[in-house]
Protein chains: 2
Amino acid sequence: MHGLLTDLYELTMSAGYYSAGLADQVATFELSVRRLPKNRDFLVAAGLAQAVEYVSGLGFSAAAIEYLRGLVQFSRAKPEFFEYLRGLRFTGDLFAVPEGTPVFAGEPILIVRAPLVQAQILETVLLSAIAFQTLIATKAMRIAEAAAGRAVVEFGTRRAHTPEAGVLAGRAAYIGGCIGTSNTLTGFRYGVPVYGTAAHSWVQAFPEEIEAQRRLQELLGPNTIYLVDTYDTLEGARKAASLGLPLWGVRLDSGDLALLSRGVRGVLDAAGLHDAKIMASGDLNEYKIRELVSGGAPIDAFGVGTELATSADAPALGAVYKLVEIGQRCTMKFSPEKETLPGAKQIYRSAECDLLALARESLDTGGEPLLRPVIYGGRLLESLPNVHSSRNYAAQAIARRPRTGRVERSPGLAALVASLKKGAEATTA
Amino acid sequence: MHGLLTDLYELTMSAGYYSAGLADQVATFELSVRRLPKNRDFLVAAGLAQAVEYVSGLGFSAAAIEYLRGLVQFSRAKPEFFEYLRGLRFTGDLFAVPEGTPVFAGEPILIVRAPLVQAQILETVLLSAIAFQTLIATKAMRIAEAAAGRAVVEFGTRRAHTPEAGVLAGRAAYIGGCIGTSNTLTGFRYGVPVYGTAAHSWVQAFPEEIEAQRRLQELLGPNTIYLVDTYDTLEGARKAASLGLPLWGVRLDSGDLALLSRGVRGVLDAAGLHDAKIMASGDLNEYKIRELVSGGAPIDAFGVGTELATSADAPALGAVYKLVEIGQRCTMKFSPEKETLPGAKQIYRSAECDLLALARESLDTGGEPLLRPVIYGGRLLESLPNVHSSRNYAAQAIARRPRTGRVERSPGLAALVASLKKGAEATTA
């Protein structure tokens, strides 16, 4: 990916680090989420594969460097800095929790230890790549949970923030618990199962609804799902039922889904189509699905678009990427409500709670260390799990997550925070 | 762009249209927004350039076709269909309102008239491409308006839904009224002005805050903006002031911005730095900015990230892409609350209101027709305006938008709706 895909200040700071002789000073940055968004008890981490792809491909083209040279912000930068950028590749280390891991506020999801300039430039893309897929995997987990065993398919590319976001929303939703996506490219690129049969325009393209249904059945056989609400839902269902098998079922996309699903179920059963299923879609979310399920609506599967692919009730994550060590020095930030904890860390997970400790601390917690090395000395240690493995891992890890949701601090971390705060008070006093 | 970047059902329908002999039937689809999101009186259309780029590049690779052949949904498709896909290019017409045009609910932003399969496949990406940038341009317009002449810079890539969404958020925010973006690639690709100096990590990378500030000044001279809240805002501002000129100003990123901006203004003035400016950032939106401005906070510029790059209070647009004509037949959809209006249309704008009319109607309204041909017979008619022209156009068009926000229907459109509804009643009776 393009080295310019970053906030300008990452690059002006890099020029400054270079001038100050700090460019290759080893620095550690941690990516974490300050506070959980509303309605979320934990997050399902996702996006690591895209983060790693970006880090591995970091570099600056000649055209990119020419562009920077022309900016007023670089008019006083050292000429050798641009040569330095031209040769820049990622040579550091990256640690992360596996995709699908449930994480709590303040826990590092990803850690970069690298020469300062490299680590700094990565900030913008790492935040966006991890935060977005984490939002979507988390929302998918919530929706799948509400569906209580019924299948959920991700339908939201058209409402995603750019088509590429749609492709990755499909990926993250699968990791979080959906059975697949409508996005064909997500299927092609990542092997996520793809679903879909026909839209309203299909029904409208034929002069008669029944002809549209017959044609779909010819094409899709037992995979046929009629969309029955283009003109009148019950009438559409009656026409579908009159065609008999082969048929997977019908889809409702508007109106009172609790009421209509009962009516349509009656129509299908009356025609002897007891195995034909009902899928529902149309501005659904975990709350509406929970209501439909608990109300006993005879719906077998859900398609969820807008609310899932944009995480509509919590469309952003307060993810931050903060310097915690540079050289031998641990750093922290005291800004009101934006404090960060110093030192490179590890998370130890046990059945009860998580322990946040300094990576260098030697502890005998019995807890499972969550952060694992992914890139070391610029090299990918082993290929990352595919989406199917990550989805399985997520299901297990979510079921086994610490019951209390508590994150405790190790003695070493608590002592470091106290000593840095004291130092700051001494400085400002 | 990749032909597979679409919902699977666009492709299964295409296979069905092909089997039914409808693949090359000329169809017209319209992209519009059903209802405006909350807090929005109108939208600022954006994203046309990316839509056109996608339409012009539509095609299927051999690998894409092999993938489709392997899917169960295509097991009964005609073998010739895959040959048809292999040769597919866009050969139709595309009409659109220029980027920067204010539009109301129900008005077509973009119209495709093309062989049915081509027009159908485009649906998913066109919706996502137009809706996302329209959301962001609209939010930027609202924020710039609240800033009442003070500069607003888009800062949100790290919170955008994928890094690519960040690049395009910067583009759309500029069209909507921001003076620029922090995203360097947005600057490189589209010529949008880029801004940025240093983050908290810069301050932390040096043992002493004053050294970090001095180094920044050396690097940036009169473009220097010190971030003063890493440890203590007023103390940070005092250190900055002690260094004197050259300096653009300081940035506050946390705490009570109304209070702190006054304190910092006092520090700068006391040092004789009356021309030094104050920039504020940190979870801002149009409401907080309006409050700061009306409260007289001495803030000269705003940086807005999360809320702008995700349009956080309205993160999705109910955009739809609906078949309105096929062959000689006009179509409409009767689904409850999801009705669509039939026939290819034109919008005529006058000072008072818009008139939505059938494109084939001959009217003498005196209003300005908003939809213009962009691609005709598969060829781009002329290069699209650059972002600077679109931004200027937006400012003028927003100022001159119809005062009432009313969208009326022409006699021809009203008559067509009535006749189709009557026909539907006759059919279902």
# chains A, B, ... in the order shown; residues from 1 in each chain; ligands from 1

$ interface_residues --of "chain A" --to "chain B" --cutoff "6 Å" --atoms "only C-alpha atoms" --output "VMD selection string"
chain A and resid 4 to 9 12 to 13 76 124 to 125 127 to 129 132 158 to 163 165 182 to 185 196 to 198 201 219 230 to 231 255 323 333 to 336

$ atom_distance --atom1 "CA of Thr340 (chain A)" --atom2 "CA of Arg360 (chain A)"
18.2 Å

$ residues_around --residues "region 351-359 of chain B" --least-positions-apart "3" --cutoff "10 Å" --atoms "only C-alpha atoms" --output "number ranges by chain"
B: 103-104, 106-108, 342-348, 362-363, 365, 367-371, 400-414, 416

$ write_last_selection --atoms "C-alpha atoms" --output "short mmCIF file (atom, residue, chain, number, x, y, z; two decimals), in the first residue's frame"
data_model
loop_
_atom_site.label_atom_id
_atom_site.label_comp_id
_atom_site.auth_asym_id
_atom_site.auth_seq_id
_atom_site.Cartn_x
_atom_site.Cartn_y
_atom_site.Cartn_z
CA VAL B 103 -30.50 17.44 -3.35
CA PHE B 104 -33.69 16.53 -1.51
CA GLY B 106 -36.73 11.34 -3.68
CA GLU B 107 -34.66 13.21 -6.26
CA PRO B 108 -32.51 11.13 -8.62
CA PRO B 342 -41.78 5.24 -12.28
CA GLY B 343 -40.13 6.55 -15.46
CA ALA B 344 -36.77 8.21 -16.22
CA LYS B 345 -36.82 11.69 -14.74
CA GLN B 346 -35.37 15.18 -14.79
CA ILE B 347 -35.22 17.68 -11.93
CA TYR B 348 -35.98 21.33 -12.73
CA SER B 362 -41.83 18.67 -22.70
CA LEU B 363 -42.19 21.39 -20.10
CA THR B 365 -40.71 25.54 -16.43
CA GLY B 367 -36.18 25.86 -14.02
CA GLU B 368 -32.60 24.66 -14.41
CA PRO B 369 -32.34 20.96 -15.34
CA LEU B 370 -29.99 19.39 -12.76
CA LEU B 371 -29.31 15.97 -14.29
CA ARG B 400 -28.96 29.33 -4.14
CA ARG B 401 -30.88 26.17 -3.19
CA PRO B 402 -34.69 26.36 -3.28
CA ARG B 403 -35.80 28.10 -0.14
CA THR B 404 -38.78 25.86 0.57
CA GLY B 405 -37.05 22.51 0.08
CA ARG B 406 -40.25 21.42 -1.69
CA VAL B 407 -40.18 18.82 -4.47
CA GLU B 408 -43.29 18.90 -6.67
CA ARG B 409 -44.36 16.33 -9.24
CA SER B 410 -45.08 17.29 -12.84
CA PRO B 411 -48.49 16.53 -14.36
CA GLY B 412 -46.95 13.79 -16.52
CA LEU B 413 -45.33 12.05 -13.54
CA ALA B 414 -48.48 12.30 -11.42
CA LEU B 416 -48.12 7.94 -14.77
#

$ select_by_dssp --residues "region 9-208 of chain B" --states "alpha helix (DSSP H)" --output "ChimeraX atom specification"
/B:9-19,48-56,62-69,79-86,116-121,123-147,163-176,184-190,200-205

$ residues_around --residues "Gly266 (chain B)" --least-positions-apart "2" --cutoff "12 Å" --atoms "only C-alpha atoms" --output "JSON, numbers by chain"
{"B": [234, 237, 238, 241, 259, 260, 261, 262, 263, 264, 268, 269, 270, 271, 272, 273, 274, 276, 277, 278, 297, 298]}
